Protein chains: 4
Amino acid sequence: MSKVRALVLERQHELALREIELPMEVGPGMVKIAVHTVGVCGSDVHYYTHGKIGPFVVNAPMVLGHEAAGTITELGAGVTHLAVGDRVCMEPGIPDPNSRASRLGMYNVDPAVTFWATPPIHGVLTPVVVHPANYTFKLPDNVSFAEGAMVEPFAVGMQAATKARIVPGDTAVVLGAGPIGTMVAIAALAGGCARAIVADLAQPKLDIAARYQGVIPVNIRETNLVDEVKRLTDGWGADVVFECSGSPKAWETIMNLPRPGGTIVVVGLPVDPAPFDVATASSRELRIETVFRYAHQYERAIALFASGRVDLKPLISETFAFEDSVKAFDRAVEARPSDVKLQIRVAG
Amino acid sequence: MSKVRALVLERQHELALREIELPMEVGPGMVKIAVHTVGVCGSDVHYYTHGKIGPFVVNAPMVLGHEAAGTITELGAGVTHLAVGDRVCMEPGIPDPNSRASRLGMYNVDPAVTFWATPPIHGVLTPVVVHPANYTFKLPDNVSFAEGAMVEPFAVGMQAATKARIVPGDTAVVLGAGPIGTMVAIAALAGGCARAIVADLAQPKLDIAARYQGVIPVNIRETNLVDEVKRLTDGWGADVVFECSGSPKAWETIMNLPRPGGTIVVVGLPVDPAPFDVATASSRELRIETVFRYAHQYERAIALFASGRVDLKPLISETFAFEDSVKAFDRAVEARPSDVKLQIRVAG
Amino acid sequence: MSKVRALVLERQHELALREIELPMEVGPGMVKIAVHTVGVCGSDVHYYTHGKIGPFVVNAPMVLGHEAAGTITELGAGVTHLAVGDRVCMEPGIPDPNSRASRLGMYNVDPAVTFWATPPIHGVLTPVVVHPANYTFKLPDNVSFAEGAMVEPFAVGMQAATKARIVPGDTAVVLGAGPIGTMVAIAALAGGCARAIVADLAQPKLDIAARYQGVIPVNIRETNLVDEVKRLTDGWGADVVFECSGSPKAWETIMNLPRPGGTIVVVGLPVDPAPFDVATASSRELRIETVFRYAHQYERAIALFASGRVDLKPLISETFAFEDSVKAFDRAVEARPSDVKLQIRVAG
Amino acid sequence: MSKVRALVLERQHELALREIELPMEVGPGMVKIAVHTVGVCGSDVHYYTHGKIGPFVVNAPMVLGHEAAGTITELGAGVTHLAVGDRVCMEPGIPDPNSRASRLGMYNVDPAVTFWATPPIHGVLTPVVVHPANYTFKLPDNVSFAEGAMVEPFAVGMQAATKARIVPGDTAVVLGAGPIGTMVAIAALAGGCARAIVADLAQPKLDIAARYQGVIPVNIRETNLVDEVKRLTDGWGADVVFECSGSPKAWETIMNLPRPGGTIVVVGLPVDPAPFDVATASSRELRIETVFRYAHQYERAIALFASGRVDLKPLISETFAFEDSVKAFDRAVEARPSDVKLQIRVAG
């Protein structure tokens with residue numbers, strides 16, 4: 001254990017940038033990383049404002065942050081695919097490699113996963129962290145630390161796009177233009193969709209999404225989405241609908257959006273059970289997919305950044321110094337519609 | 001148009017075996033069939049007892065029956081794959097072959113489908129019917145008319161088993177041991193499952209299902225199904241769950257039945273929107289499939305009957321003479337738990 | 001039948017722009033189209049230079065051309081989704097909608113397909129053509145006739161990308177940078193690949209392909225492709241390999257290109273059976289897919305053009321006047337490495 | 001290391017039942033097993049007769065045998081899902097759980113796999129063995145040791161059936177009625193096929209396969225297989241073809257067996273590259289799958305045995321005492337057409 005400075009959530013509503021003891025032993029298969037940039041995620045903010053997410057309750061001080069990139073400073077025994085000095089990003093969830101889910105290739109649904117900044121596991125808003133090399137990914141020279149810290153939220157979009165089993169040229173609908181909806185729309189387009197009809201009530205969010213080629217923004221304050229999707233698809237419906245709003249209202253009409261034989265991917269989590277219109281879904285033989293975080297998406301996301309086919313830099317709304325971490329969180333609490341991603345530069 | 005005798009639903013609660021005018025022209029691509037055996041389906045009975053199913057209302061006298069087998073007596077122009085004298089069964093839903101859904105291979109979700117005994121289309125409880133040759137399927141010598149008339153309900157099970165994308169050796173759970181649940185269980189086993197855990201409240205229904213090798217009956221009056229599935233799968237969960245009860249109660253716990261990465265196939269239609277526990281479904285990344293009737297299943301079902309891998313004869317509870325058709329329906333209204341399928345022998 | 005001017009292949013080596021009688025009746029479900037632009041395809045050229053392709057032999061004068069766009073001038077009975085004046089492109093292969101393959105949604109493998117400019121069916125290098133409305137697709141305002149005539153060759157790439165079942169972020173290898181290889185690379189990228197490693201001997205072809213973001217050109221005169229793919233994928237291999245060269249040489253090493261569990265999509269047709277290294281393929285459990293033309297790709301391709309996600313205009317190397325059609329073909333025979341697509345403007 | 005008695009292949013052509021030193025430490029996650037029954041596999045016999053298989057050469061004495069069942073006698077630290085006294089069977093290939101292939105769920109194609117009785121790894125024809133608990137599977141009470149030792153060869157059939165992605169009611173063709181072909185046919189039927197047309201030159205092999213319901217034997221000395229498959233499928237072709245003969249001759253006509261859009265699963269390994277008729281395959285858009293051993297099949301196979309849906313006892317041709325192990329191998333070398341599986345009872 002070593003003392004390091006970190007952004008600590010002491011309890012609901014109380015953040016402190018202070019010293020804390022964290023384990024720093026670089027065991028076999030592990031690497032030590034100098035953290036450079038960490039993104040602020042909605043879940044970090046939710047722990048700050050609510051002290052819990054579902055069954056996960058902050059009962060003890062916890063370091064926040066799980067969207068991170070940095071530089072390798074030390075290698076544990078047996079690590080061969082990385083080197084000291086490599087610029088990397090890190091996957092925050094670590095499964096048991098011998099669990100049944102992991103062996104089947106679905107490590108994200110392994111109940112034994114430990115995940116940064118999910119109580120009681122500390123996060124990564126701190127200058128140094130030790131992490132398994134298998135969940136640490138080298139960044140190509142043309143991918144910045146800031147982009148590296150965007151891999152984590154984009155991986156959620158990639159998982160949704162993967163589950164959709166997009167056929168090249170598909171038409172997608174994305175419900176919700178918050179950070180997740182925007183990531184999903186971009187991943188769906190990168191993943192083969194010809195266009196993504198993105199629906200939201202907030203025009204500033206739609207304006208940001210609409211910067212991406214292939215996005216068709218629909219402000220549902222003004223436009224009936226079911227009618228608009230019909231109009232844009234000659235009455236046929238969308239191939240894939242991504243539910244990213246988490247709103248129970250979305251479930252009232254969502255089954256009218258896909259084409260016969262189409263798909264709904266549920267990304268947003270409503271608080272209560274959602275009203276599932278089985279009759280309408282069945283009459284079109286819809287398929288509904290759910291997602292839980294992501295698996296095997298980091299290298300894929302990095303490859304899309306490196307080739308230039310995905311550029312998330314326009315989504316980084318503002319970058320804060322490590323010393324201003326609390327400010328960054330208070331800005332995130334404001335939830336400005338023009339903010340997509342706030343980041344904190346931990347290093348230099 | 002010719003006058004023929006038929007079982008006519010005059011209006012809700014009123015059946016008559018009487019003469020009615022039906023079209024008898026054998027156009028190009030059509031065949032004329034002497035009807036031999038017709039099964040009584042729950043939907044036929046529902047029109048009798050309720051006068052409607054959802055948006056389909058019996059506003060005029062309608063011939064009932066859509067599960068039928070018979071013998072070809074006349075060929076329309078251009079029909080080459082069938083011959084007079086062929087023993088056949090008939091698929092009751094006829095799509096527009098030029099619709100977008102049909103061209104994609106999903107003719108069952110073509111909104112233009114016309115379906116026997118679905119208002120205002122007449123059914124087949126009558127001695128002669130004219131039908132498109134493309135939806136008429138030859139029965140091998142070792143498949144009886146009675147079995148031929150079972151192809152239609154079994155096709156529903158086949159569609160569910162197909163949508164499940166069963167992997168050989170899967171464990172299935174089937175909620176509901178009525179005729180559809182039983183068909184689904186048999187199709188799931190024939191389709192590759194090692195075992196089908198069939199759940200119901202009615203012991204006589206479970207006893208019938210349990211005659212099939214691989215069925216594990218669970219009486220949910222006595223046994224907690226979630227616990228039992230866990231016990232039978234070493235805590236992992238079922239690969240596929242078929243919801244065939246149509247009961248909203250089933251939706252309260254259904255998400256706890258599949259394994260991580262598992263599948264739910266929804267066959268039963270609840271009257272109201274079902275409460276969909278998105279949080280639990282997502283934590284296991286479940287896939288939910290819906291079905292609507294069937295497509296491309298007749299030849300597959302007949303092949304399974306012909307090879308002996310599926311034997312539905314034990315499910316034929318009683319056979320009525322055509323003259324006793326009304327009796328057959330009144331017996332069906334009783335809904336005896338020991339009855340699975342009642343059939344009417346129209347010919348001889 | 002009406003007399004129209006057309007580019008007629010009289011026999012091997014002999015082309016004439018002359019009058020010919022073609023059927024002009026606009027039956028039910030048909031449309032009449034004023035042809036605007038027609039692309040010159042390798043198969044057109046092959047009939048010109050060899051008089052046959054495999055079993056298809058030019059035994060009588062035949063109009064060439066099957067990559068076409070134009071404007072609707074007349075509607076047959078029952079056509080409702082198109083209007084006179086619509087700018088359209090046309091799919092050249094017409095199946096029997098009632099064949100077994102068509103009903104299953106695979107109309108491209110229906111043996112009854114008739115295909116423009118495939119003996120004895122006339123092509124479309126003529127100012128007017130009558131075609132089924134179901135295989136005629138409206139072009140959005142922002143898609144030109146020239147691009148409309150590119151839909152046909154791009155649909156081949158789309159079919160290959162669809163069969164590959166690309167997962168977002170995949171790495172592709174494309175063997176051969178001719179017109180088909182280039183189309184496949186662009187479709188693979190649009191269909192979700194992060195990058196396409198394109199291999200060829202001819203640097204000018206690679207230079208053209210390399211204009212597209214995500215293409216990594218490899219000149220196999222200078223670079224060992226297996227080593228280069230390993231280098232680019234950290235020793236793992238490509239997710240998908242598209243064989244577009246048709247060269248038997250490609251088959252000597254192709255099984256060393258994909259990753260374990262990877263895929264090969266065979267687009268190029270070698271003249272003789274290819275040497276299939278089963279042992280290497282099996283040790284990686286490779287999947288091999290084959291393609292035959294395309295099915296259901298026109299609307300998808302048009303959607304990608306319309307959204308701006310695919311731009312094929314840089315591939316149109318030169319456009320000839322209708323009167324210069326023979327010149328266009330003689331230029332195509334030259335097979336300049338810097339030529340990708342030559343087009344003929346039939347109208348005005 | 002402890003001295004144990006074992007069947008040792010000293011070198012090509014020389015077997016000895018003698019003492020040998022084997023490691024017996026039961027480390028964490030390991031179990032010790034009293035071996036009960038071991039099947040004789042074609043690969044064991046091939047090492048005996050040829051001293052090598054492809055790149056795997058017997059350079060030092062090696063214990064043979066990899067199809068094994070037994071009883072747990074000791075648990076290593078951390079093993080909780082098994083108990084002393086459990087009757088089990090063992091999967092012979094052990095991957096690196098942290099390899100890229102293993103993490104993706106495809107541990108069978110991990111190059112680091114070590115496999116029993118594949119030089120230089122010792123096999124299991126010996127009374128005691130230590131093995132990872134994760135690759136040791138409990139047998140239900142109604143599955144015998146003899147059946148437990150059949151799980152390994154049947155897993156090969158299961159892998160082939162899984163890769164085929166069988167749709168319920170499919171028609172399969174199996175080329176070759178040796179032990180592997182027979183296993184594949186049974187797995188294909190259990191996995192959803194309505195029938196398996198099994199082709200071979202040896203009538204005794206066909207007679208054994210034909211005992212299984214759904215198998216249609218075809219002696220290709222007398223019957224043209226392409227014609228027969230056409231006849232049995234009304235000219236359409238088979239849904240899935242399993243190549244299990246390893247014969248280059250099979251490749252001359254195999255592409256004519258599947259239906260349009262059908263599948264070939266290659267199980268048999270020809271010595272040289274096979275002549276792949278790409279033109280015919282493409283005209284039907286065939287998919288070709290390859291298999292390498294198996295992954296995640298043990299529990300599925302055991303479940304099929306336990307439910308009674310698969311019964312392999314008729315395939316056990318004779319059982320030898322451990323002392324007669326050399327006799328068992330010499331009998332296997334005879335390759336009697338009426339022998340499917342020879343087993344050796346190591347215990348009691």
# chains A, B, ... in the order shown; residues from 1 in each chain; ligands from 1
$ residues_around --residues "Val8 in chain C" --least-positions-apart "5" --cutoff "6 Å" --atoms "only C-alpha atoms" --output "list in words"
Leu15, Ala16, Met62 and Val63 of chain C
$ write_last_selection --atoms "C-alpha atoms" --output "mmCIF file, in the first residue's frame"
data_model
loop_
_atom_site.group_PDB
_atom_site.id
_atom_site.type_symbol
_atom_site.label_atom_id
_atom_site.label_comp_id
_atom_site.auth_asym_id
_atom_site.auth_seq_id
_atom_site.Cartn_x
_atom_site.Cartn_y
_atom_site.Cartn_z
ATOM 1 C CA LEU C 15 -19.743 -4.372 -81.489
ATOM 2 C CA ALA C 16 -22.235 -2.148 -83.308
ATOM 3 C CA MET C 62 -27.125 -9.190 -77.732
ATOM 4 C CA VAL C 63 -27.431 -5.682 -76.293
#
$ residues_around --residues "range 271-282 of chain B" --least-positions-apart "2" --cutoff "6 Å" --atoms "only C-alpha atoms" --output "mmCIF file with N, CA and C atoms, in the first residue's frame"
data_model
loop_
_atom_site.group_PDB
_atom_site.id
_atom_site.type_symbol
_atom_site.label_atom_id
_atom_site.label_comp_id
_atom_site.auth_asym_id
_atom_site.auth_seq_id
_atom_site.Cartn_x
_atom_site.Cartn_y
_atom_site.Cartn_z
ATOM 1 N N PRO A 273 -39.977 -1.853 -14.022
ATOM 2 C CA PRO A 273 -40.210 -2.676 -15.215
ATOM 3 C C PRO A 273 -40.897 -1.855 -16.306
ATOM 4 N N ALA A 274 -40.474 -2.065 -17.538
ATOM 5 C CA ALA A 274 -41.015 -1.305 -18.662
ATOM 6 C C ALA A 274 -42.237 -2.029 -19.230
ATOM 7 N N PRO A 275 -43.226 -1.278 -19.689
ATOM 8 C CA PRO A 275 -44.417 -1.915 -20.276
ATOM 9 C C PRO A 275 -44.094 -2.410 -21.684
ATOM 10 N N PHE A 276 -44.031 -3.725 -21.831
ATOM 11 C CA PHE A 276 -43.585 -4.360 -23.065
ATOM 12 C C PHE A 276 -44.835 -4.757 -23.868
ATOM 13 N N ASP A 277 -45.030 -4.102 -24.994
ATOM 14 C CA ASP A 277 -46.206 -4.345 -25.841
ATOM 15 C C ASP A 277 -45.940 -5.593 -26.691
ATOM 16 N N THR A 290 -30.469 -7.004 -25.024
ATOM 17 C CA THR A 290 -30.045 -6.157 -23.909
ATOM 18 C C THR A 290 -28.516 -6.172 -23.854
ATOM 19 N N VAL A 291 -27.957 -5.149 -23.228
ATOM 20 C CA VAL A 291 -26.496 -5.073 -23.126
ATOM 21 C C VAL A 291 -26.096 -4.801 -21.686
ATOM 22 N N PHE A 292 -24.906 -5.284 -21.333
ATOM 23 C CA PHE A 292 -24.360 -5.008 -20.011
ATOM 24 C C PHE A 292 -22.898 -4.633 -20.181
ATOM 25 N N PRO B 248 -49.559 -12.707 -17.350
ATOM 26 C CA PRO B 248 -48.696 -11.608 -16.877
ATOM 27 C C PRO B 248 -47.850 -12.036 -15.680
ATOM 28 N N MET B 255 -37.217 -13.345 -16.028
ATOM 29 C CA MET B 255 -35.843 -12.927 -16.301
ATOM 30 C C MET B 255 -34.829 -13.632 -15.395
ATOM 31 N N ARG B 284 -27.859 -9.864 -17.390
ATOM 32 C CA ARG B 284 -27.492 -11.150 -17.983
ATOM 33 C C ARG B 284 -27.390 -11.061 -19.506
ATOM 34 N N GLU B 285 -27.554 -9.875 -20.035
ATOM 35 C CA GLU B 285 -27.531 -9.676 -21.497
ATOM 36 C C GLU B 285 -28.438 -10.667 -22.204
ATOM 37 N N LEU B 286 -29.680 -10.760 -21.734
ATOM 38 C CA LEU B 286 -30.637 -11.679 -22.364
ATOM 39 C C LEU B 286 -31.072 -11.166 -23.728
#
$ closest_residue --among "C:Val38, C:Met158, C:Ala185, C:Ala6" --to "chain A" --atoms "only C-alpha atoms"
C:Met158
$ closest_residue --among "D:Ile121, D:Ala34, D:Ile254, D:Ile197" --to "Leu22 in chain D" --atoms "only C-alpha atoms"
D:Ile121
$ residues_around --residues "Gly181 in chain D" --least-positions-apart "4" --cutoff "10 Å" --atoms "only C-alpha atoms" --output "list in words"
Val156, Gly157, Val174, Leu175, Gly176, Ala177, Ala185, Ile186, Ala187, Val198, Ala199, Asp200, Lys205, Ala209, Phe242, Glu243, Cys244, Ser245, Val267 and Gly268 of chain D
$ closest_residue --among "C:Arg18, C:Arg11, C:Lys249, C:Arg165" --to "Pro119 in chain C" --atoms "only C-alpha atoms"
C:Arg11
$ select_by_dssp --residues "range 11-235 of chain C" --states "helix (DSSP H, G or I)" --output "PyMOL selection string"
chain C and resi 42-50+100-103+107-109+133-135+145-148+151-163+179-190+203-209+225-232
